[in-house]
Amino acid sequence: MSKFKDFWSAAGETMFPRAFTCDICGRETFGTNLCPDCTETVTFNDGKTCPVCGRKTVRAEICLECKDRPPLYKKAFSPVVYDGGGKILMAKFKNGNGYLKEFFADVTAEKLKNFGGADCIVAVPMTDDAKRARGYNQSVLLAESLSKRIGIPVIKNAVIKVKSTEQQKHLTKKERTVNLESCFKITDKTFIAGKNILIVDDVMTTGATADALTKKLMRAGAKNVFVTTVMSVEYRQFKDKKLF
């Protein structure tokens with residue numbers, strides 16, 4: 001059964017033409033991913049953001065979360081807010097519509113156009129079981145497409161995920177941190193030591209995943225770690241409140 005799923009996942013990536021209809025409502029667009037109406041439902045992160053975590057904020061200043069507990073990574077970027085039409089697009093990307101990697105890579109590369117601080121890219125890994133269930137690792141697809149646009153190579157298999165973790169979206173920040181302990185493993189430090197690394201992932205909520213992976217990379221000798229995600233949630237004072 002998984003072979004059939006893998007086949008149709010690959011087919012969806014390569015065989016069917018895209019960008020002829022809107023990826024949210026299905027209306028004909030003839031060359032763009034979103035129709036004008038659905039574009040209005042996607043919030044792009046081109047206004048006030050935290051200069052550290054990159055999430056949308058009320059004012060262009062460091063959010064209280066980053067002031068109270070500075071993240072281990074140096075800086076994070078994300079072009080889209082995880083709400084409205086953005087949520088719909090991300091759900092599609094994670095559930096068989098891997099072709100959206102090109103659109104997401106385009107908008108992410110635009111956000112990074114003046115960023116030249118990384119030597120290599122590391123995609124957030126999945127366990128083998130999770131990858132088989134989905135058919136692909138969406139972060140790897142994004143990293144590979146982004147690499148072609150910004151000219152930074154992807155370091156593959158230097159980091160693996162060795163432990164399945166409980167689904168994160170209904171956990172508090174503290175619960176997420178505990179959930180991610182010891183789930184990542186560095187397999188070859190020679191690819192990491194002395195490097196400025198750009199982590200690539202799909203969505204940033206509390207930043208717990210980015211921090212957990214950054215900790216592993218820094219212990220393996222990374223010089224600096226940056227993070228880019230396609231989307232990030234709008235900043236809220238999380239504390240121990242549920243996110244959704």
# chains A, B, ... in the order shown; residues from 1 in each chain; ligands from 1
call {"tool": "residues_around", "arguments": {"residues": "A:Glu234", "least_positions_apart": "4", "cutoff": "10 Å", "atoms": "only C-alpha atoms", "output": "ChimeraX atom specification"}}
result
/A:45,49-50,54-58,80-83,204-205
call {"tool": "residues_around", "arguments": {"residues": "A:Thr39", "least_positions_apart": "3", "cutoff": "10 Å", "atoms": "only C-alpha atoms", "output": "PDB file with N, CA and C atoms, in the first residue's frame"}}
result
ATOM      1  N   CYS A  22      -5.961  28.457  -8.928  1.00  0.00           N
ATOM      2  CA  CYS A  22      -5.618  28.935  -7.592  1.00  0.00           C
ATOM      3  C   CYS A  22      -5.465  27.755  -6.641  1.00  0.00           C
ATOM      4  N   ILE A  24      -5.871  27.658  -3.574  1.00  0.00           N
ATOM      5  CA  ILE A  24      -6.820  27.675  -2.456  1.00  0.00           C
ATOM      6  C   ILE A  24      -8.237  27.390  -2.939  1.00  0.00           C
ATOM      7  N   ASN A  33      -0.042  31.219  -8.508  1.00  0.00           N
ATOM      8  CA  ASN A  33      -0.530  30.227  -7.551  1.00  0.00           C
ATOM      9  C   ASN A  33      -1.822  30.634  -6.866  1.00  0.00           C
ATOM     10  N   LEU A  34      -2.078  31.937  -6.765  1.00  0.00           N
ATOM     11  CA  LEU A  34      -3.254  32.414  -6.043  1.00  0.00           C
ATOM     12  C   LEU A  34      -4.031  33.409  -6.893  1.00  0.00           C
ATOM     13  N   CYS A  35      -5.356  33.315  -6.821  1.00  0.00           N
ATOM     14  CA  CYS A  35      -6.192  34.309  -7.472  1.00  0.00           C
ATOM     15  C   CYS A  35      -6.201  35.587  -6.623  1.00  0.00           C
ATOM     16  N   PRO A  36      -6.632  36.719  -7.166  1.00  0.00           N
ATOM     17  CA  PRO A  36      -6.625  37.969  -6.388  1.00  0.00           C
ATOM     18  C   PRO A  36      -7.389  37.882  -5.073  1.00  0.00           C
ATOM     19  N   VAL A  42      -4.135  35.576   2.455  1.00  0.00           N
ATOM     20  CA  VAL A  42      -2.799  35.191   2.906  1.00  0.00           C
ATOM     21  C   VAL A  42      -2.087  36.424   3.445  1.00  0.00           C
ATOM     22  N   THR A  43      -1.646  36.350   4.700  1.00  0.00           N
ATOM     23  CA  THR A  43      -0.963  37.474   5.333  1.00  0.00           C
ATOM     24  C   THR A  43       0.539  37.318   5.171  1.00  0.00           C
ATOM     25  N   PHE A  44       1.150  38.210   4.409  1.00  0.00           N
ATOM     26  CA  PHE A  44       2.592  38.155   4.201  1.00  0.00           C
ATOM     27  C   PHE A  44       3.308  38.960   5.280  1.00  0.00           C
ATOM     28  N   GLY A  85      -5.622  31.963   4.671  1.00  0.00           N
ATOM     29  CA  GLY A  85      -5.247  31.179   3.502  1.00  0.00           C
ATOM     30  C   GLY A  85      -3.915  30.485   3.648  1.00  0.00           C
ATOM     31  N   GLY A  86      -3.029  31.046   4.460  1.00  0.00           N
ATOM     32  CA  GLY A  86      -1.739  30.407   4.694  1.00  0.00           C
ATOM     33  C   GLY A  86      -1.892  29.026   5.307  1.00  0.00           C
TER      34      GLY A  86
END
call {"tool": "select_by_dssp", "arguments": {"residues": "stretch 44-192 of chain A", "states": "strand (DSSP E or B)", "output": "list in words"}}
result
Phe44, Thr49, Lys56, Lys75, Ala76, Phe77, Val80, Val81, Cys120, Ile121, Val122, Ala123, Val154, Val159, Ile160, Lys161, Phe184, Lys185 and Ile186 of chain A
call {"tool": "closest_residue", "arguments": {"among": "A:Pro51, A:Gly98, A:Gly207, A:Gly135", "to": "A:Phe77", "atoms": "only C-alpha atoms"}}
result
A:Pro51
call {"tool": "residues_around", "arguments": {"residues": "A:Leu112", "least_positions_apart": "2", "cutoff": "12 Å", "atoms": "only C-alpha atoms", "output": "ChimeraX atom specification"}}
result
/A:54,75-79,105-110,114-118,146-147,149-152,198,200,226-230
call {"tool": "atom_distance", "arguments": {"atom1": "atom CA of A:Glu102", "atom2": "atom CA of A:Arg27"}}
result
19.3 Å
call {"tool": "residues_around", "arguments": {"residues": "A:Asn224", "least_positions_apart": "6", "cutoff": "9 Å", "atoms": "only C-alpha atoms", "output": "ChimeraX atom specification"}}
result
/A:73-74,117-118,194-198,214,217-218
call {"tool": "atom_distance", "arguments": {"atom1": "atom CA of A:Cys38", "atom2": "atom CA of A:Val233"}}
result
18.9 Å
call {"tool": "select_by_dssp", "arguments": {"residues": "stretch 49-243 of chain A", "states": "helix (DSSP H, G or I)", "output": "PyMOL selection string"}}
result
chain A and resi 64-68+84-94+98-111+128-134+138-150+173-180+189-191+208-219
call {"tool": "write_last_selection", "arguments": {"atoms": "C-alpha atoms", "output": "compact mmCIF listing (two decimals), in the first residue's frame"}}
result
# COMPACT_ATOMS: atom_id res chain seq x y z
CA LEU A 64 8.64 39.55 25.11
CA GLU A 65 9.19 35.86 24.43
CA CYS A 66 12.64 36.52 22.94
CA LYS A 67 13.47 39.06 25.65
CA ASP A 68 12.54 36.70 28.48
CA GLY A 84 -6.22 32.28 6.99
CA GLY A 85 -5.25 31.18 3.50
CA GLY A 86 -1.74 30.41 4.69
CA LYS A 87 -3.06 27.58 6.88
CA ILE A 88 -4.92 26.11 3.91
CA LEU A 89 -1.79 26.19 1.73
CA MET A 90 0.36 24.60 4.44
CA ALA A 91 -2.18 21.82 5.05
CA LYS A 92 -2.11 21.04 1.32
CA PHE A 93 1.69 21.08 1.27
CA LYS A 94 1.83 18.55 4.10
CA GLY A 98 4.48 18.71 -2.55
CA TYR A 99 4.53 20.82 -5.71
CA LEU A 100 3.83 23.84 -3.48
CA LYS A 101 7.53 23.70 -2.58
CA GLU A 102 8.22 25.91 -5.61
CA PHE A 103 5.82 28.67 -4.57
CA PHE A 104 6.99 28.49 -0.96
CA ALA A 105 10.64 28.55 -2.03
CA ASP A 106 9.97 31.62 -4.18
CA VAL A 107 8.46 33.66 -1.33
CA THR A 108 11.05 32.41 1.18
CA ALA A 109 13.95 33.26 -1.14
CA GLU A 110 12.54 36.76 -1.52
CA LYS A 111 12.59 37.13 2.27
CA ASP A 128 11.59 7.09 8.87
CA ASP A 129 8.11 6.04 9.97
CA ALA A 130 6.73 9.57 9.69
CA LYS A 131 8.29 10.02 6.26
CA ARG A 132 6.81 6.75 5.01
CA ALA A 133 3.39 7.74 6.31
CA ARG A 134 3.46 11.13 4.54
CA GLN A 138 8.16 18.60 3.33
CA SER A 139 11.09 20.44 4.93
CA VAL A 140 13.54 18.59 2.66
CA LEU A 141 11.48 19.47 -0.43
CA LEU A 142 11.50 23.11 0.61
CA ALA A 143 15.22 23.10 1.47
CA GLU A 144 16.17 21.64 -1.91
CA SER A 145 14.04 24.14 -3.84
CA LEU A 146 15.29 27.04 -1.72
CA SER A 147 18.90 25.93 -2.20
CA LYS A 148 18.58 26.39 -5.97
CA ARG A 149 17.36 29.96 -5.49
CA ILE A 150 19.81 31.25 -2.90
CA LYS A 173 5.73 25.75 24.88
CA LYS A 174 7.04 23.92 27.98
CA GLU A 175 5.42 20.67 26.82
CA ARG A 176 6.94 21.10 23.36
CA THR A 177 10.42 21.53 24.80
CA VAL A 178 10.10 18.32 26.85
CA ASN A 179 8.58 16.55 23.83
CA LEU A 180 11.63 17.33 21.69
CA LYS A 189 30.09 16.47 12.86
CA THR A 190 32.47 17.19 9.97
CA PHE A 191 29.59 18.70 8.00
CA ALA A 208 10.85 24.81 20.30
CA THR A 209 11.83 22.63 17.33
CA ALA A 210 14.30 25.24 16.06
CA ASP A 211 15.85 25.58 19.52
CA ALA A 212 16.15 21.81 20.03
CA LEU A 213 17.88 21.36 16.68
CA THR A 214 20.05 24.45 17.20
CA LYS A 215 21.26 23.02 20.52
CA LYS A 216 22.41 19.84 18.77
CA LEU A 217 24.11 21.76 15.96
CA MET A 218 25.93 24.10 18.35
CA ARG A 219 27.14 21.18 20.47
call {"tool": "decode", "arguments": {"residues": "stretch 88-190 of chain A", "atoms": "C-alpha atoms", "output": "short mmCIF file (atom, residue, chain, number, x, y, z; two decimals), in the first residue's frame"}}
result
data_model
loop_
_atom_site.label_atom_id
_atom_site.label_comp_id
_atom_site.auth_asym_id
_atom_site.auth_seq_id
_atom_site.Cartn_x
_atom_site.Cartn_y
_atom_site.Cartn_z
CA ILE A 88 -4.92 26.11 3.91
CA LEU A 89 -1.79 26.19 1.73
CA MET A 90 0.36 24.60 4.44
CA ALA A 91 -2.18 21.82 5.05
CA LYS A 92 -2.11 21.04 1.32
CA PHE A 93 1.69 21.08 1.27
CA LYS A 94 1.83 18.55 4.10
CA ASN A 95 -0.82 16.28 2.61
CA GLY A 96 0.22 15.22 -0.88
CA ASN A 97 0.72 18.56 -2.62
CA GLY A 98 4.48 18.71 -2.55
CA TYR A 99 4.53 20.82 -5.71
CA LEU A 100 3.83 23.84 -3.48
CA LYS A 101 7.53 23.70 -2.58
CA GLU A 102 8.22 25.91 -5.61
CA PHE A 103 5.82 28.67 -4.57
CA PHE A 104 6.99 28.49 -0.96
CA ALA A 105 10.64 28.55 -2.03
CA ASP A 106 9.97 31.62 -4.18
CA VAL A 107 8.46 33.66 -1.33
CA THR A 108 11.05 32.41 1.18
CA ALA A 109 13.95 33.26 -1.14
CA GLU A 110 12.54 36.76 -1.52
CA LYS A 111 12.59 37.13 2.27
CA LEU A 112 16.22 35.97 2.31
CA LYS A 113 17.44 38.01 -0.67
CA ASN A 114 19.70 40.20 1.49
CA PHE A 115 20.76 37.36 3.78
CA GLY A 116 24.25 36.03 3.13
CA GLY A 117 25.15 34.61 6.51
CA ALA A 118 24.93 30.83 5.97
CA ASP A 119 27.35 28.25 4.54
CA CYS A 120 24.86 25.42 4.30
CA ILE A 121 21.24 24.38 4.83
CA VAL A 122 19.93 21.69 7.19
CA ALA A 123 16.30 20.62 6.78
CA VAL A 124 14.44 19.59 9.93
CA PRO A 125 14.41 15.77 9.75
CA MET A 126 11.53 13.34 10.22
CA THR A 127 11.64 9.79 11.54
CA ASP A 128 11.59 7.09 8.87
CA ASP A 129 8.11 6.04 9.97
CA ALA A 130 6.73 9.57 9.69
CA LYS A 131 8.29 10.02 6.26
CA ARG A 132 6.81 6.75 5.01
CA ALA A 133 3.39 7.74 6.31
CA ARG A 134 3.46 11.13 4.54
CA GLY A 135 5.40 10.03 1.47
CA TYR A 136 8.01 12.79 1.79
CA ASN A 137 9.63 15.21 4.20
CA GLN A 138 8.16 18.60 3.33
CA SER A 139 11.09 20.44 4.93
CA VAL A 140 13.54 18.59 2.66
CA LEU A 141 11.48 19.47 -0.43
CA LEU A 142 11.50 23.11 0.61
CA ALA A 143 15.22 23.10 1.47
CA GLU A 144 16.17 21.64 -1.91
CA SER A 145 14.04 24.14 -3.84
CA LEU A 146 15.29 27.04 -1.72
CA SER A 147 18.90 25.93 -2.20
CA LYS A 148 18.58 26.39 -5.97
CA ARG A 149 17.36 29.96 -5.49
CA ILE A 150 19.81 31.25 -2.90
CA GLY A 151 22.88 29.20 -3.84
CA ILE A 152 23.45 27.60 -0.44
CA PRO A 153 23.96 23.80 -0.45
CA VAL A 154 21.80 21.38 1.52
CA ILE A 155 23.69 19.10 3.90
CA LYS A 156 21.80 15.80 3.81
CA ASN A 157 21.72 13.16 6.53
CA ALA A 158 24.04 15.07 8.86
CA VAL A 159 21.13 15.21 11.31
CA ILE A 160 18.47 12.56 11.80
CA LYS A 161 15.39 12.28 13.99
CA VAL A 162 15.70 9.18 16.12
CA LYS A 163 12.57 9.42 18.24
CA SER A 164 8.94 9.94 17.30
CA THR A 165 7.37 12.83 19.14
CA GLU A 166 3.80 13.57 20.10
CA GLN A 167 2.03 15.90 17.67
CA GLN A 168 3.06 19.38 18.74
CA LYS A 169 0.22 21.69 17.79
CA HIS A 170 -1.88 21.16 20.93
CA LEU A 171 1.05 21.42 23.37
CA THR A 172 2.22 24.38 25.42
CA LYS A 173 5.73 25.75 24.88
CA LYS A 174 7.04 23.92 27.98
CA GLU A 175 5.42 20.67 26.82
CA ARG A 176 6.94 21.10 23.36
CA THR A 177 10.42 21.53 24.80
CA VAL A 178 10.10 18.32 26.85
CA ASN A 179 8.58 16.55 23.83
CA LEU A 180 11.63 17.33 21.69
CA GLU A 181 14.35 16.33 24.14
CA SER A 182 16.80 13.83 22.66
CA CYS A 183 14.88 13.37 19.41
CA PHE A 184 17.63 14.69 17.08
CA LYS A 185 21.04 13.09 16.49
CA ILE A 186 24.10 14.44 14.65
CA THR A 187 25.50 11.67 12.44
CA ASP A 188 28.59 13.45 11.09
CA LYS A 189 30.09 16.47 12.86
CA THR A 190 32.47 17.19 9.97
#
